[in-house]
$ cat data_34.cif   # mmCIF, C-alpha atoms and all ligand atoms
data_model
loop_
_atom_site.label_atom_id
_atom_site.label_comp_id
_atom_site.auth_asym_id
_atom_site.auth_seq_id
_atom_site.Cartn_x
_atom_site.Cartn_y
_atom_site.Cartn_z
CA MET R 341 138.29 140.76 -43.38
CA VAL R 342 139.24 137.10 -43.14
CA SER R 343 142.39 136.12 -44.99
CA ALA R 344 141.94 133.57 -47.77
CA SER R 345 144.63 131.46 -46.13
CA ILE R 346 142.65 131.04 -42.90
CA ARG R 347 140.90 127.69 -42.84
CA PHE R 348 139.81 127.64 -39.22
CA ARG R 349 138.95 130.46 -36.89
CA ALA R 350 138.24 130.03 -33.21
CA LEU R 351 136.98 132.50 -30.65
CA VAL R 352 137.43 130.78 -27.31
CA ALA R 353 136.41 132.11 -23.89
CA THR R 354 136.26 135.70 -25.07
CA SER R 355 133.80 136.61 -22.29
CA ALA R 356 131.72 138.13 -25.05
CA PRO R 357 128.55 136.02 -25.14
CA ALA R 358 126.40 136.52 -28.26
CA ASN R 359 129.53 137.23 -30.30
CA GLY R 360 129.88 133.68 -31.61
CA LEU R 361 126.98 133.46 -34.05
CA ALA R 362 127.77 136.80 -35.71
CA SER R 363 131.42 135.78 -36.05
CA ALA R 364 130.42 132.46 -37.59
CA ILE R 365 128.27 134.27 -40.15
CA GLY R 366 131.32 136.27 -41.21
CA THR R 367 133.40 133.13 -41.46
CA ALA R 368 130.68 131.35 -43.48
CA LEU R 369 130.46 134.23 -45.94
CA ALA R 370 134.24 134.44 -46.26
CA LYS R 371 134.65 130.70 -46.87
CA PRO R 372 131.60 129.50 -48.82
CA ASP R 373 133.48 126.38 -49.93
CA ARG R 374 133.74 125.17 -46.32
CA LEU R 375 131.20 123.84 -43.84
CA PRO R 376 131.47 126.28 -40.94
CA ASP R 377 130.39 125.45 -37.41
CA ALA R 378 129.82 127.51 -34.29
CA ALA R 379 129.99 126.08 -30.76
CA LEU R 380 127.90 128.31 -28.51
CA GLY R 381 126.66 128.41 -24.95
CA ASP R 382 122.89 128.43 -24.55
CA GLY R 383 123.01 131.83 -22.85
CA GLY R 384 125.08 133.40 -25.61
CA PHE R 385 122.88 131.75 -28.22
CA LEU R 386 119.76 133.26 -26.65
CA MET R 387 121.43 136.67 -26.28
CA GLY R 388 122.37 136.76 -29.98
CA ILE R 389 119.52 134.70 -31.43
CA SER R 390 118.28 137.45 -33.74
CA GLU R 391 121.25 136.64 -36.01
CA LEU R 392 119.71 133.23 -36.66
CA GLU R 393 117.23 135.00 -38.93
CA THR R 394 120.21 136.24 -40.96
CA VAL R 395 121.63 132.74 -41.27
CA VAL R 396 118.26 131.36 -42.43
CA ARG R 397 117.65 134.24 -44.86
CA LEU R 398 121.10 133.86 -46.44
CA LYS R 399 120.65 130.05 -46.53
CA LEU R 400 124.06 129.58 -44.93
CA PRO R 401 124.92 125.90 -44.32
CA LEU R 402 126.06 126.67 -40.77
CA VAL R 403 126.22 124.02 -38.05
CA ILE R 404 125.54 125.47 -34.62
CA VAL R 405 126.35 123.21 -31.69
CA MET R 406 124.94 124.48 -28.46
CA TYR R 407 126.12 123.57 -24.96
CA ASN R 408 122.85 123.54 -23.03
CA ASP R 409 123.41 123.81 -19.29
CA SER R 410 120.33 126.01 -18.67
CA ALA R 411 122.69 128.61 -17.27
CA TYR R 412 125.10 131.44 -17.78
CA GLY R 413 127.61 128.81 -16.73
CA ALA R 414 130.63 131.08 -16.57
CA GLU R 415 128.74 133.15 -14.01
CA VAL R 416 127.68 130.06 -12.03
CA HIS R 417 131.36 129.46 -11.28
CA HIS R 418 131.41 132.76 -9.37
CA PHE R 419 128.58 131.55 -7.12
CA THR R 420 130.54 129.11 -4.98
CA ASP R 421 129.09 130.04 -1.60
CA PRO R 422 125.88 128.04 -0.84
CA GLU R 423 124.30 131.28 0.36
CA MET R 424 124.62 132.81 -3.10
CA ASP R 425 121.41 132.87 -5.12
CA ARG R 426 122.07 130.95 -8.34
CA SER R 427 118.60 131.65 -9.69
CA ILE R 428 119.88 134.88 -11.25
CA VAL R 429 122.43 132.99 -13.39
CA THR R 430 120.32 129.98 -14.36
CA PHE R 431 117.18 129.67 -16.43
CA PRO R 432 114.45 127.05 -16.89
CA GLU R 433 114.92 124.13 -19.23
CA THR R 434 114.02 125.54 -22.63
CA ASP R 435 113.32 123.78 -25.93
CA LEU R 436 116.02 125.59 -27.87
CA ALA R 437 115.70 123.28 -30.88
CA ALA R 438 112.04 124.28 -31.18
CA ILE R 439 112.99 127.95 -30.98
CA ALA R 440 115.54 127.37 -33.77
CA ARG R 441 112.85 125.69 -35.88
CA GLY R 442 110.70 128.76 -35.32
CA TYR R 443 113.40 130.79 -37.09
CA GLY R 444 113.33 128.36 -40.02
CA ALA R 445 116.47 126.44 -39.05
CA GLU R 446 116.68 122.70 -38.60
CA GLY R 447 116.62 122.20 -34.85
CA VAL R 448 117.66 118.93 -33.23
CA ALA R 449 117.70 118.19 -29.52
CA VAL R 450 120.27 115.45 -29.03
CA ARG R 451 119.52 113.41 -25.94
CA THR R 452 120.10 109.85 -27.18
CA SER R 453 122.39 108.40 -29.85
CA GLU R 454 119.32 107.89 -32.09
CA ASP R 455 118.86 111.65 -32.17
CA PHE R 456 122.03 111.88 -34.25
CA ASN R 457 120.04 110.40 -37.16
CA ALA R 458 118.51 113.83 -37.68
CA VAL R 459 122.02 115.30 -37.81
CA ARG R 460 123.01 112.69 -40.40
CA ASN R 461 119.92 113.52 -42.47
CA TRP R 462 120.87 117.19 -42.50
CA VAL R 463 124.48 116.40 -43.49
CA ASP R 464 123.23 114.19 -46.34
CA GLY R 465 120.55 116.67 -47.41
CA SER R 466 120.55 119.95 -49.32
CA ARG R 467 121.98 121.98 -46.39
CA ASP R 468 119.96 124.98 -47.50
CA ARG R 469 119.24 126.05 -43.96
CA PRO R 470 121.33 126.03 -40.79
CA LEU R 471 121.43 123.13 -38.36
CA VAL R 472 121.10 123.89 -34.65
CA ILE R 473 122.08 121.03 -32.34
CA ASP R 474 120.95 121.38 -28.74
CA GLY R 475 123.16 119.18 -26.56
CA PRO R 476 122.99 118.85 -22.76
CA PHE R 477 126.02 119.94 -20.79
CA ASP R 478 126.69 119.12 -17.14
CA HIS R 479 129.14 121.36 -15.28
CA ALA R 480 129.58 118.68 -12.61
CA HIS R 481 132.02 116.99 -14.97
CA LEU R 482 133.99 120.14 -15.72
CA ASP R 483 136.95 121.52 -13.81
CA CYS R 484 136.54 124.82 -15.59
CA ARG R 485 139.54 127.12 -15.97
CA VAL R 486 137.28 130.10 -15.39
CA GLY R 487 136.06 128.55 -12.16
CA ARG R 488 139.56 127.75 -10.93
CA THR R 489 140.77 131.24 -11.79
CA THR R 490 137.80 132.88 -10.14
CA ARG R 491 138.02 130.78 -7.00
CA GLY R 492 141.75 131.40 -6.75
CA ARG R 493 141.30 135.14 -7.07
CA ARG R 494 138.56 135.18 -4.44
CA GLU R 495 140.52 133.00 -2.03
CA ARG R 496 143.57 135.24 -2.39
CA SER R 497 141.49 138.35 -1.70
CA GLY R 498 139.64 136.59 1.13
CA GLY R 499 136.36 138.05 -0.13
CA SER R 500 132.96 136.84 -1.18
CA ARG R 501 130.30 138.55 -3.25
CA ASN R 502 126.83 138.13 -4.62
CA ARG R 503 125.49 136.96 -1.29
CA ARG R 504 121.75 136.70 -0.95
CA MET R 505 120.49 139.75 0.97
C1 LIG O 1 127.51 141.63 -22.96
C2 LIG O 1 127.86 140.73 -21.81
N1 LIG O 1 126.90 140.33 -20.96
C3 LIG O 1 127.20 139.52 -19.94
C4 LIG O 1 128.50 139.09 -19.74
C5 LIG O 1 128.85 138.17 -18.60
N2 LIG O 1 128.99 136.80 -19.06
C6 LIG O 1 130.20 136.27 -19.40
S1 LIG O 1 130.10 134.66 -19.81
C7 LIG O 1 128.43 134.67 -19.53
C8 LIG O 1 127.66 133.40 -19.62
C9 LIG O 1 127.46 132.90 -20.99
O1 LIG O 1 126.59 131.77 -20.90
P1 LIG O 1 126.58 130.68 -21.99
O2 LIG O 1 126.69 131.31 -23.33
O3 LIG O 1 125.41 129.80 -21.75
O4 LIG O 1 127.94 129.89 -21.76
P2 LIG O 1 128.30 128.91 -20.57
O5 LIG O 1 129.23 129.72 -19.69
O6 LIG O 1 127.04 128.49 -19.88
O7 LIG O 1 129.01 127.75 -21.23
C10 LIG O 1 127.97 135.92 -19.13
C11 LIG O 1 126.56 136.26 -18.81
C12 LIG O 1 129.47 139.52 -20.64
N3 LIG O 1 130.75 139.12 -20.54
N4 LIG O 1 129.13 140.34 -21.66
MG MG O 2 125.18 128.04 -20.67
#

$ encode --input "data_34.cif" --output "structure tokens" --more "lines below"
Ligand SMILES: Cc1ncc(C[n+]2csc(CCOP(=O)(O)OP(=O)(O)O)c2C)c(N)n1
Ligand SMILES: [Mg+2]
Amino acid sequence: MVSASIRFRALVATSAPANGLASAIGTALAKPDRLPDAALGDGGFLMGISELETVVRLKLPLVIVMYNDSAYGAEVHHFTDPEMDRSIVTFPETDLAAIARGYGAEGVAVRTSEDFNAVRNWVDGSRDRPLVIDGPFDHAHLDCRVGRTTRGRRERSGGSRNRRM
């Protein structure tokens, strides 16, 4: 149960992919006077996508912002050795906005600043269905805490895992 005094609820780096959308649904139902948003990884979004049907059916005005790196990015940070096979933690470029539209949501792939017009239209519209924003995300520009922690642990133990056989 979410306290009436809570205005903002954040689940950050829980290592529980697919948890975010369900949590956002609870928050949206608890605070119908607010515009809730959920920031999700593409992997977690795909793992928990069945809940998008719930959001559409309940007509929740939820904004879902997706970090699209075509990967289980947190896992990619474990694959530091060039010999490690990253193909098991990455997936092909996928039109996630189209998949969201298939569920009945408004799906927008933001690749240029003009693409934000569709976001503006949704904000100004009836908001009777969720908005899913697919945004590209490049790990090359991220000094991820998970990656630093993982690398540090591995260097201290002197080990390496997930090598290609
Ligand atoms: C049920 C479950 N499956 C797998 C994992 C391992 N895991 C942790 S983070 C993660 C990647 C999530 O990918 P994504 O949602 O795209 O976020 P990114 O790290 O790419 O930003 C995975 C597979 C987990 N913690 N729990
Ligand atoms: Mg990802």

$ residues_near_ligand --input "data_34.cif" --ligand "ligand MG 2 (chain O)" --cutoff "7 Å" --atoms "all atoms listed in the file" --output "PyMOL selection string"
chain R and resi 381-383+407-413

$ closest_residue --input "data_34.cif" --among "R:Pro357, R:Pro432, R:Gly444, R:Pro376" --to "ligand LIG 1 (chain O)" --atoms "only C-alpha atoms and all ligand atoms"
R:Pro357

$ residues_around --input "data_34.cif" --residues "R:Glu393" --least-positions-apart "4" --cutoff "9 Å" --atoms "all atoms listed in the file" --output "list in words"
Ile389, Arg397, Leu398, Tyr443, Gly444 and Ala445 of chain R

$ closest_residue --input "data_34.cif" --among "R:Leu386, R:Ile404, R:Ile365, R:Met424" --to "ligand LIG 1 (chain O)" --atoms "only C-alpha atoms and all ligand atoms"
R:Leu386

$ closest_residue --input "data_34.cif" --among "R:Ser453, R:Ser466, R:Thr367, R:Thr430" --to "ligand LIG 1 (chain O)" --atoms "only C-alpha atoms and all ligand atoms"
R:Thr430

$ atom_distance --input "data_34.cif" --atom1 "atom CA of R:Leu402" --atom2 "atom CA of R:Asp468"
9.2 Å

$ closest_residue --input "data_34.cif" --among "R:Met406, R:Thr434, R:Arg426, R:Leu400" --to "ligand LIG 1 (chain O)" --atoms "all atoms listed in the file"
R:Met406

$ closest_residue --input "data_34.cif" --among "R:Asp421, R:Asp373, R:Phe431, R:Leu471" --to "ligand LIG 1 (chain O)" --atoms "all atoms listed in the file"
R:Phe431

$ residues_near_point --input "data_34.cif" --point "(129.4, 139.6, -36.0)" --cutoff "12 Å" --atoms "all atoms listed in the file" --output "PyMOL selection string"
chain R and resi 341+351+356-369+388-392+394-395

$ closest_residue --input "data_34.cif" --among "R:Ala414, R:Ala370, R:Leu375, R:Val396" --to "ligand LIG 1 (chain O)" --atoms "all atoms listed in the file"
R:Ala414

$ atom_distance --input "data_34.cif" --atom1 "atom CA of R:Leu380" --atom2 "atom CA of R:Ile473"
10.1 Å

$ residues_around --input "data_34.cif" --residues "R:Ala437" --least-positions-apart "4" --cutoff "8 Å" --atoms "all atoms listed in the file" --output "ChimeraX atom specification"
/R:441,446-449,472-474

$ write_last_selection --input "data_34.cif" --atoms "C-alpha atoms" --output "tab-separated table (two decimals), keeping the file's coordinate frame"
chain	number	residue	atom	x	y	z
R	441	ARG	CA	112.85	125.69	-35.88
R	446	GLU	CA	116.68	122.70	-38.60
R	447	GLY	CA	116.62	122.20	-34.85
R	448	VAL	CA	117.66	118.93	-33.23
R	449	ALA	CA	117.70	118.19	-29.52
R	472	VAL	CA	121.10	123.89	-34.65
R	473	ILE	CA	122.08	121.03	-32.34
R	474	ASP	CA	120.95	121.38	-28.74

$ atom_distance --input "data_34.cif" --atom1 "atom CA of R:Val403" --atom2 "atom CA of R:Phe456"
13.4 Å

$ axis_aligned_box --input "data_34.cif" --around "ligand LIG 1 (chain O)" --padding-each-side "3 Å" --output "JSON"
{"center_x": 128.1, "center_y": 134.7, "center_z": -21.0, "size_x": 11.3, "size_y": 19.9, "size_z": 10.7}

$ decode --input "data_34.cif" --residues "stretch 438-456 of chain R" --atoms "N, CA and C atoms" --output "compact mmCIF listing (two decimals), in the first residue's frame"
# COMPACT_ATOMS: atom_id res chain seq x y z
N ALA R 438 6.71 0.04 -32.04
CA ALA R 438 5.70 -0.69 -32.81
C ALA R 438 5.06 -1.79 -31.96
N ILE R 439 5.89 -2.46 -31.17
CA ILE R 439 5.35 -3.50 -30.28
C ILE R 439 4.37 -2.86 -29.29
N ALA R 440 4.74 -1.70 -28.76
CA ALA R 440 3.85 -1.00 -27.81
C ALA R 440 2.54 -0.62 -28.49
N ARG R 441 2.62 -0.17 -29.74
CA ARG R 441 1.39 0.17 -30.47
C ARG R 441 0.52 -1.07 -30.66
N GLY R 442 1.16 -2.22 -30.82
CA GLY R 442 0.42 -3.47 -30.95
C GLY R 442 -0.42 -3.77 -29.72
N TYR R 443 0.04 -3.30 -28.56
CA TYR R 443 -0.71 -3.49 -27.30
C TYR R 443 -1.81 -2.44 -27.14
N GLY R 444 -1.82 -1.44 -28.04
CA GLY R 444 -2.82 -0.38 -27.93
C GLY R 444 -2.30 0.87 -27.26
N ALA R 445 -1.01 0.89 -26.96
CA ALA R 445 -0.39 2.09 -26.37
C ALA R 445 0.01 3.04 -27.49
N GLU R 446 0.33 4.27 -27.12
CA GLU R 446 0.97 5.18 -28.07
C GLU R 446 2.46 4.88 -28.01
N GLY R 447 3.04 4.53 -29.12
CA GLY R 447 4.47 4.19 -29.14
C GLY R 447 5.24 5.17 -30.00
N VAL R 448 6.27 5.76 -29.43
CA VAL R 448 7.06 6.76 -30.15
C VAL R 448 8.54 6.39 -30.07
N ALA R 449 9.16 6.23 -31.20
CA ALA R 449 10.62 6.04 -31.24
C ALA R 449 11.25 7.41 -31.41
N VAL R 450 11.98 7.84 -30.40
CA VAL R 450 12.60 9.17 -30.46
C VAL R 450 14.04 9.02 -30.96
N ARG R 451 14.28 9.51 -32.15
CA ARG R 451 15.62 9.47 -32.73
C ARG R 451 16.12 10.85 -33.12
N THR R 452 15.17 11.77 -33.36
CA THR R 452 15.53 13.16 -33.67
C THR R 452 14.66 14.07 -32.80
N SER R 453 15.03 15.33 -32.71
CA SER R 453 14.26 16.25 -31.86
C SER R 453 12.82 16.41 -32.39
N GLU R 454 12.64 16.22 -33.71
CA GLU R 454 11.27 16.33 -34.26
C GLU R 454 10.37 15.23 -33.70
N ASP R 455 10.97 14.11 -33.36
CA ASP R 455 10.16 12.99 -32.84
C ASP R 455 9.47 13.36 -31.52
N PHE R 456 9.97 14.38 -30.85
CA PHE R 456 9.33 14.79 -29.59
C PHE R 456 7.97 15.44 -29.83
